[in-house]
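Q: Just so it is clear, I am handing over run_38.cif, which has mmCIF, C-alpha atoms (C1' of nucleotides).
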```
data_coords
#
loop_
_atom_site.label_atom_id
_atom_site.label_comp_id
_atom_site.auth_asym_id
_atom_site.auth_seq_id
_atom_site.Cartn_x
_atom_site.Cartn_y
_atom_site.Cartn_z
CA MET A 24 -7.83 -2.55 9.63
CA LEU A 25 -5.87 -5.16 11.53
CA ASP A 26 -8.91 -6.50 13.32
CA SER A 27 -11.24 -6.65 10.36
CA ALA A 28 -13.18 -9.80 9.60
CA CYS A 29 -11.94 -9.48 6.01
CA SER A 30 -8.61 -11.18 5.47
CA ILE A 31 -7.74 -8.84 2.61
CA GLU A 32 -8.13 -5.95 4.99
CA ARG A 33 -6.02 -7.60 7.68
CA THR A 34 -3.31 -8.36 5.15
CA LEU A 35 -3.31 -4.77 3.99
CA GLY A 36 -3.08 -3.68 7.62
CA VAL A 37 0.28 -5.43 7.77
CA LEU A 38 1.54 -4.93 4.22
CA GLY A 39 -0.46 -2.05 2.85
CA GLU A 40 1.70 0.89 3.83
CA ARG A 41 3.97 2.68 1.43
CA TRP A 42 7.28 0.88 0.80
CA THR A 43 6.26 -2.44 2.31
CA PHE A 44 5.74 -4.31 -0.95
CA LEU A 45 8.96 -2.88 -2.34
CA ILE A 46 10.84 -4.00 0.77
CA LEU A 47 9.38 -7.45 0.21
CA ARG A 48 10.40 -7.40 -3.43
CA GLU A 49 13.98 -6.70 -2.40
CA ALA A 50 13.84 -9.31 0.34
CA LEU A 51 12.62 -11.91 -2.14
CA ALA A 52 15.54 -10.91 -4.36
CA GLY A 53 17.91 -11.74 -1.54
CA THR A 54 18.42 -8.47 0.31
CA THR A 55 18.76 -8.90 4.07
CA ARG A 56 20.50 -5.87 5.56
CA PHE A 57 19.29 -2.44 6.58
CA ALA A 58 21.80 -0.57 4.45
CA GLN A 59 21.08 -2.75 1.42
CA PHE A 60 17.36 -2.00 1.61
CA ARG A 61 18.14 1.63 2.13
CA GLU A 62 20.41 1.84 -0.86
CA ALA A 63 18.25 -0.23 -3.19
CA LEU A 64 15.04 1.66 -2.42
CA GLY A 65 16.12 5.12 -1.29
CA VAL A 66 13.67 4.90 1.59
CA ALA A 67 14.10 7.13 4.62
CA PRO A 68 15.74 5.33 7.54
CA ASP A 69 12.97 6.00 10.02
CA VAL A 70 10.38 4.62 7.64
CA LEU A 71 12.53 1.58 6.91
CA THR A 72 12.90 0.94 10.63
CA ALA A 73 9.16 1.17 11.12
CA ARG A 74 8.36 -1.15 8.19
CA LEU A 75 10.91 -3.77 9.16
CA ASN A 76 9.58 -3.70 12.71
CA THR A 77 6.00 -4.39 11.69
CA LEU A 78 7.14 -7.11 9.30
CA VAL A 79 9.03 -8.75 12.16
CA ASP A 80 6.08 -8.23 14.53
CA TYR A 81 3.77 -10.10 12.18
CA GLY A 82 6.18 -12.90 11.42
CA VAL A 83 6.86 -11.97 7.82
CA MET A 84 10.54 -11.42 8.49
CA ALA A 85 12.83 -12.48 11.33
CA ARG A 86 15.87 -10.79 12.79
CA GLU A 87 19.00 -12.85 12.53
CA PRO A 88 22.20 -11.71 14.23
CA TYR A 89 25.35 -11.70 12.12
CA GLN A 90 28.78 -10.26 12.43
CA GLU A 91 31.10 -9.13 9.70
CA PRO A 92 34.77 -9.46 10.61
CA GLY A 93 35.83 -6.08 11.88
CA SER A 94 32.30 -4.99 12.71
CA ARG A 95 30.04 -5.27 15.67
CA PRO A 96 27.20 -7.76 15.68
CA ARG A 97 24.15 -6.63 13.74
CA ASP A 98 20.73 -7.91 12.78
CA ALA A 99 19.87 -9.07 9.31
CA TYR A 100 16.26 -9.34 8.20
CA ARG A 101 15.35 -12.61 6.61
CA LEU A 102 11.99 -13.69 5.21
CA THR A 103 10.17 -16.37 7.13
CA ASP A 104 8.25 -19.12 5.35
CA SER A 105 5.13 -17.01 5.62
CA GLY A 106 7.01 -14.08 4.08
CA ARG A 107 8.24 -16.18 1.20
CA GLU A 108 4.66 -17.12 0.38
CA LEU A 109 4.07 -13.50 -0.52
CA ILE A 110 5.89 -14.26 -3.75
CA LEU A 111 2.41 -15.07 -5.09
CA VAL A 112 1.12 -11.60 -4.29
CA LEU A 113 4.18 -9.91 -5.76
CA ALA A 114 4.08 -12.10 -8.85
CA ALA A 115 0.40 -11.29 -9.36
CA LEU A 116 1.16 -7.57 -9.12
CA GLN A 117 4.02 -7.94 -11.56
CA GLN A 118 1.96 -9.95 -14.01
CA TRP A 119 -0.80 -7.36 -14.01
CA GLY A 120 1.67 -4.51 -14.49
CA ASP A 121 3.40 -6.30 -17.36
CA LEU A 122 0.06 -6.73 -19.10
CA HIS A 123 -1.64 -3.43 -18.38
CA LEU A 124 1.05 -0.86 -17.65
CA PRO A 125 3.56 -1.91 -20.26
CA TRP A 126 7.03 -0.51 -20.33
CA PRO A 127 8.81 0.33 -23.58
CA ALA A 128 11.61 -2.11 -22.85
CA GLY A 129 9.16 -4.96 -22.40
CA PRO A 130 8.46 -7.13 -19.36
CA SER A 131 11.24 -7.13 -16.84
CA ILE A 132 11.89 -10.66 -15.71
CA GLN A 133 9.85 -13.75 -16.43
CA ARG A 134 9.35 -16.38 -13.79
CA ARG A 135 10.18 -19.82 -15.12
CA VAL A 136 10.11 -23.44 -14.10
CA ARG A 137 13.54 -24.13 -12.70
CA ALA A 138 13.87 -27.53 -14.30
CA THR A 139 12.52 -26.79 -17.77
CA GLY A 140 13.00 -23.04 -18.19
CA ARG A 141 9.41 -22.74 -19.42
CA PRO A 142 7.49 -19.59 -18.38
CA VAL A 143 5.13 -19.63 -15.42
CA GLN A 144 2.05 -17.54 -14.64
CA VAL A 145 -0.05 -16.84 -11.60
CA GLY A 146 -3.52 -18.34 -11.78
CA PHE A 147 -6.25 -20.21 -9.97
CA VAL A 148 -5.71 -23.92 -9.49
CA ASP A 149 -8.07 -26.59 -8.23
CA GLU A 150 -7.18 -29.27 -5.74
CA ASN A 151 -5.77 -31.46 -8.49
CA GLY A 152 -3.30 -28.79 -9.54
CA ARG A 153 -5.18 -27.94 -12.74
CA GLU A 154 -5.61 -24.34 -13.78
CA VAL A 155 -9.10 -22.87 -13.54
CA ALA A 156 -10.14 -19.72 -15.41
CA PRO A 157 -11.15 -16.87 -13.10
CA ALA A 158 -14.51 -16.73 -14.88
CA ASP A 159 -15.16 -20.32 -13.82
CA THR A 160 -14.89 -19.48 -10.13
CA ARG A 161 -17.17 -17.77 -7.70
CA MET B 26 6.92 5.13 -9.08
CA LEU B 27 4.74 5.23 -12.19
CA ASP B 28 7.70 5.40 -14.53
CA SER B 29 9.79 2.72 -12.92
CA ALA B 30 11.24 -0.07 -15.00
CA CYS B 31 9.84 -2.48 -12.39
CA SER B 32 6.30 -3.54 -13.15
CA ILE B 33 5.56 -4.17 -9.48
CA GLU B 34 6.47 -0.57 -8.78
CA ARG B 35 4.34 0.74 -11.65
CA THR B 36 1.41 -1.34 -10.47
CA LEU B 37 1.79 0.01 -6.96
CA GLY B 38 1.92 3.51 -8.40
CA VAL B 39 -1.62 2.96 -9.66
CA LEU B 40 -3.02 0.70 -6.94
CA GLY B 41 -0.74 1.18 -3.97
CA GLU B 42 -2.46 4.02 -2.18
CA ARG B 43 -4.61 3.58 0.85
CA TRP B 44 -8.15 2.40 0.07
CA THR B 45 -7.50 1.38 -3.51
CA PHE B 46 -7.43 -2.38 -2.93
CA LEU B 47 -10.50 -2.15 -0.74
CA ILE B 48 -12.31 -0.20 -3.45
CA LEU B 49 -11.36 -2.97 -5.86
CA ARG B 50 -12.59 -5.62 -3.44
CA GLU B 51 -15.97 -3.92 -3.32
CA ALA B 52 -16.00 -3.44 -7.07
CA LEU B 53 -15.30 -7.14 -7.59
CA ALA B 54 -18.17 -7.86 -5.23
CA GLY B 55 -20.46 -5.87 -7.51
CA THR B 56 -20.44 -2.36 -6.11
CA THR B 57 -20.61 0.32 -8.79
CA ARG B 58 -21.84 3.58 -7.27
CA PHE B 59 -20.13 6.34 -5.36
CA ALA B 60 -22.49 6.19 -2.41
CA GLN B 61 -22.24 2.40 -2.22
CA PHE B 62 -18.47 2.52 -2.01
CA ARG B 63 -18.71 5.27 0.53
CA GLU B 64 -21.12 3.38 2.73
CA ALA B 65 -19.39 0.03 2.46
CA LEU B 66 -15.93 1.38 3.23
CA GLY B 67 -16.46 4.53 5.25
CA VAL B 68 -13.90 6.30 3.10
CA ALA B 69 -13.84 10.09 2.94
CA PRO B 70 -15.54 11.44 -0.20
CA ASP B 71 -12.56 13.41 -1.42
CA VAL B 72 -10.30 10.38 -1.16
CA LEU B 73 -12.88 8.21 -2.91
CA THR B 74 -13.14 10.72 -5.73
CA ALA B 75 -9.35 10.78 -6.08
CA ARG B 76 -9.03 6.99 -6.10
CA LEU B 77 -11.84 6.43 -8.57
CA ASN B 78 -10.31 9.05 -10.85
CA THR B 79 -6.92 7.36 -10.96
CA LEU B 80 -8.56 3.97 -11.47
CA VAL B 81 -10.45 5.41 -14.42
CA ASP B 82 -7.33 7.18 -15.69
CA TYR B 83 -5.43 3.92 -15.82
CA GLY B 84 -8.23 1.89 -17.34
CA VAL B 85 -9.00 -0.21 -14.30
CA MET B 86 -12.53 1.13 -14.07
CA ALA B 87 -14.77 2.93 -16.53
CA ARG B 88 -17.47 5.50 -15.94
CA GLU B 89 -20.86 4.43 -17.15
CA PRO B 90 -23.79 6.85 -17.11
CA TYR B 91 -27.02 5.65 -15.55
CA GLN B 92 -30.23 7.24 -14.40
CA GLU B 93 -32.51 6.12 -11.61
CA PRO B 94 -36.13 7.10 -12.17
CA GLY B 95 -36.65 10.33 -10.31
CA SER B 96 -32.97 11.19 -10.24
CA ARG B 97 -30.59 13.02 -12.48
CA PRO B 98 -28.11 11.08 -14.62
CA ARG B 99 -25.06 9.90 -12.74
CA ASP B 100 -21.92 7.91 -13.37
CA ALA B 101 -21.41 4.40 -12.14
CA TYR B 102 -17.94 2.91 -11.89
CA ARG B 103 -17.55 -0.47 -13.48
CA LEU B 104 -14.46 -2.65 -13.66
CA THR B 105 -12.89 -3.07 -17.06
CA ASP B 106 -11.44 -6.38 -18.18
CA SER B 107 -8.07 -5.27 -16.91
CA GLY B 108 -9.63 -4.40 -13.57
CA ARG B 109 -11.29 -7.76 -13.28
CA GLU B 110 -7.92 -9.44 -13.70
CA LEU B 111 -6.92 -7.95 -10.38
CA ILE B 112 -9.01 -10.70 -8.81
CA LEU B 113 -5.76 -12.67 -8.80
CA VAL B 114 -3.98 -10.05 -6.70
CA LEU B 115 -6.89 -9.75 -4.29
CA ALA B 116 -7.24 -13.50 -4.03
CA ALA B 117 -3.52 -13.85 -3.30
CA LEU B 118 -3.80 -11.25 -0.53
CA GLN B 119 -6.83 -13.01 0.90
CA GLN B 120 -5.20 -16.40 0.77
CA TRP B 121 -2.13 -15.14 2.61
CA GLY B 122 -4.24 -13.42 5.26
CA ASP B 123 -6.35 -16.52 5.81
CA LEU B 124 -3.21 -18.57 6.39
CA HIS B 125 -1.07 -16.17 8.36
CA LEU B 126 -3.34 -13.67 10.04
CA PRO B 127 -6.12 -16.02 11.05
CA TRP B 128 -9.38 -14.76 12.39
CA PRO B 129 -11.26 -16.50 15.23
CA ALA B 130 -14.28 -17.11 13.04
CA GLY B 131 -12.20 -18.84 10.38
CA PRO B 132 -11.60 -17.92 6.77
CA SER B 133 -14.20 -15.64 5.32
CA ILE B 134 -15.19 -16.89 1.91
CA GLN B 135 -13.62 -19.63 -0.15
CA ARG B 136 -13.29 -19.32 -3.87
CA ARG B 137 -14.64 -22.37 -5.65
CA VAL B 138 -14.96 -23.84 -9.08
CA ARG B 139 -18.35 -22.78 -10.32
CA ALA B 140 -19.23 -26.10 -11.89
CA THR B 141 -18.02 -28.47 -9.20
CA GLY B 142 -18.03 -26.40 -6.02
CA ARG B 143 -14.51 -27.59 -5.21
CA PRO B 144 -12.15 -25.09 -3.57
CA VAL B 145 -9.65 -23.12 -5.61
CA GLN B 146 -6.29 -21.63 -4.68
CA VAL B 147 -3.92 -19.11 -6.20
CA GLY B 148 -0.70 -20.62 -7.45
CA PHE B 149 1.87 -20.75 -10.21
CA VAL B 150 0.90 -22.62 -13.35
CA ASP B 151 2.96 -23.61 -16.34
CA GLU B 152 1.89 -23.25 -19.94
CA ASN B 153 0.04 -26.57 -19.80
CA GLY B 154 -2.11 -25.39 -16.92
CA ARG B 155 -0.33 -27.55 -14.36
CA GLU B 156 0.49 -26.17 -10.94
CA VAL B 157 4.15 -25.52 -10.18
CA ALA B 158 5.47 -25.14 -6.63
CA PRO B 159 6.99 -21.70 -5.95
CA ALA B 160 10.22 -23.40 -4.91
CA ASP B 161 10.46 -24.92 -8.39
CA THR B 162 10.52 -21.51 -10.08
CA ARG B 163 13.13 -18.85 -10.44
"C1'" DA C 24 43.07 3.59 27.58
"C1'" DT C 25 41.69 6.94 24.22
"C1'" DA C 26 40.42 8.19 19.80
"C1'" DT C 27 38.36 7.05 15.53
"C1'" DC C 28 35.52 4.74 12.24
"C1'" DT C 29 31.22 2.66 10.66
"C1'" DG C 30 26.69 1.23 10.23
"C1'" DA C 31 22.03 1.01 12.44
"C1'" DG C 32 19.02 3.30 13.83
"C1'" DT C 33 16.68 8.17 16.38
"C1'" DT C 34 15.32 12.76 16.45
"C1'" DG C 35 13.28 17.11 14.97
"C1'" DG C 36 11.37 19.94 11.68
"C1'" DT C 37 8.90 20.38 7.25
"C1'" DA C 38 6.03 19.01 3.59
"C1'" DG C 39 2.66 16.26 1.73
"C1'" DT C 40 -1.73 13.04 2.53
"C1'" DT C 41 -5.60 11.56 4.70
"C1'" DC C 42 -9.49 12.39 7.47
"C1'" DC C 43 -13.64 14.75 8.88
"C1'" DT C 44 -17.37 17.99 8.54
"C1'" DA C 45 -19.79 21.08 6.20
"C1'" DC C 46 -20.86 22.93 1.95
"C1'" DT C 47 -21.98 23.31 -3.07
"C1'" DC C 48 -24.10 22.10 -7.20
"C1'" DA C 49 -27.15 19.82 -10.59
"C1'" DG C 50 -31.17 17.83 -11.96
"C1'" DC C 51 -35.85 15.91 -10.58
"C1'" DC C 52 -40.38 16.53 -8.48
"C1'" DA C 53 -44.12 19.10 -6.05
"C1'" DT D 9 -39.90 28.30 -7.69
"C1'" DG D 10 -38.44 25.75 -3.94
"C1'" DG D 11 -37.10 21.56 -1.65
"C1'" DC D 12 -34.87 16.96 -2.08
"C1'" DT D 13 -31.02 13.84 -3.05
"C1'" DG D 14 -26.71 12.17 -4.32
"C1'" DA D 15 -21.97 13.29 -6.18
"C1'" DG D 16 -18.63 15.59 -5.48
"C1'" DT D 17 -15.57 20.20 -3.24
"C1'" DA D 18 -13.53 22.99 0.33
"C1'" DG D 19 -11.21 23.98 4.61
"C1'" DG D 20 -8.87 22.77 8.42
"C1'" DA D 21 -6.95 19.24 11.89
"C1'" DA D 22 -4.27 15.06 12.33
"C1'" DC D 23 -1.30 11.83 10.62
"C1'" DT D 24 2.61 10.03 7.76
"C1'" DA D 25 6.59 10.44 4.96
"C1'" DC D 26 10.69 12.82 3.95
"C1'" DC D 27 15.24 14.84 4.85
"C1'" DA D 28 19.29 15.97 7.39
"C1'" DA D 29 21.76 15.78 11.27
"C1'" DC D 30 22.66 13.27 15.26
"C1'" DT D 31 23.43 9.32 18.59
"C1'" DC D 32 25.19 5.09 20.02
"C1'" DA D 33 27.78 0.71 20.24
"C1'" DG D 34 31.36 -2.17 19.13
"C1'" DA D 35 35.84 -2.89 16.52
"C1'" DT D 36 40.31 -1.24 15.33
"C1'" DA D 37 44.38 1.80 15.62
"C1'" DT D 38 47.59 4.38 18.39
#
```
Show this structure as structure tokens.

A:
Amino acid sequence: MLDSACSIERTLGVLGERWTFLILREALAGTTRFAQFREALGVAPDVLTARLNTLVDYGVMAREPYQEPGSRPRDAYRLTDSGRELILVLAALQQWGDLHLPWPAGPSIQRRVRATGRPVQVGFVDENGREVAPADTR
Amino acid sequence: MLDSACSIERTLGVLGERWTFLILREALAGTTRFAQFREALGVAPDVLTARLNTLVDYGVMAREPYQEPGSRPRDAYRLTDSGRELILVLAALQQWGDLHLPWPAGPSIQRRVRATGRPVQVGFVDENGREVAPADTR
DNA sequence: ATATCTGAGTTGGTAGTTCCTACTCAGCCA
DNA sequence: TGGCTGAGTAGGAACTACCAACTCAGATAT
């Protein structure tokens, strides 16, 4: 999968295992530490170790040493720029789920323009920054 | 996962298993029949059956009877409108892979505006159809 | 110095999935 | 009726995730 000519397939080779997208969701929400991921997701520690390692291997996250007073030095896991770009993938997944797998309590959190507070969607845009309908692309 | 309050998690409950995104990639490329999926992907038949069933169960694809001359009636699997909207997710995955997991031969296929032939990207857009930088959202 | 505490992983066994091959089963045609 | 073809099923091996208990290192207390 990792050496496919298809970039979707390569991406899934890095991100497509169970838990990976949820780890990224937490990371984008600000989580950085092993125990935080573990607590937020309830993922088994060996699986978390494995996922974080591949994310680091492929440059999606980076280890960053830190030390709490009274504790030994540890590594935090911080998204790289490339990792932060995955916000588009996660937002697209969320948008689809909000539309097609609705939840009684309504959509969870809306993404908004920071300055104006107006809602934002994921879509196709041309080189001038104008939205293009999916049907108008090929 | 399917009954999570998080729409990303619900979406992954439907689409997050191995092969599902690749099945959708093929479906978006026009594949509709069991044997075509099987040949294009090399997926085991029992897994393909299971994946197509959940996609149908959740309204991403629909069965559509057809009959080749000289053959018995069969079911084709066609994307529903909701399934076609997943083009955004797939395109976001592809875009990320093209940027961050480059392939010697360069990016595979570029999405373009049908009318003008100009390239198209996935991005955030506000309600006026103007692109918004991810950093300007919250 | 020794003992203790704590958090980040490792390890080992079990259960659940995927994979692979071979098989079935239904309708069409000879 | 018997063979052909394509869509699935079945059975077993291999892989992956899950769970609980354990290790290991550094910081603090005694």

Q: Could you write out as number ranges by chain the residues that the PyMOL selection byres ((chain A) within 9 of (chain C)) matches in the shown file?

A: A: 57-58, 68-69, 72, 94, 97

Q: Report as a list in words the set of chain B residues whose atoms approach chain D to within 12 Å, with distances computed over all atoms listed in the file.

A: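 Here is what falls inside 12 Å: Arg43, Arg58, Phe59, Ala60, Gln61, Arg63, Ala69, Pro70, Asp71, Val72, Leu73, Thr74, Ala75, Leu77, Asn78, Gln92, Glu93, Gly95, Ser96, Arg97, Pro98, Arg99, Asp100 and Ala101 of chain B.
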
Q: Would you place a box with edges along x, y and z of the file around all atoms of stretch 34-44 of chain A listed there, add 3 Å to each of its six sides, and report the centre and edge lengths in Å to one decimal, as AutoDock Vina command-line options?

A:
```
--center_x 2.0 --center_y -2.8 --center_z 3.4 --size_x 16.6 --size_y 17.0 --size_z 14.7
```

Q: Would you give me, as a ChimeraX atom specification, the residues of chain A that come within 7 Å of chain B, using all atoms listed in the file?

A: /A:28-31,33-34,105,111-113,115-117,120-121,123,126,131,134-137,142-150,152-154,159-161

Q: One number please: atom CA of A:Arg86 to atom CA of A:Ala50, in Å, one decimal.

A: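 A separation of 12.7 Å between them.
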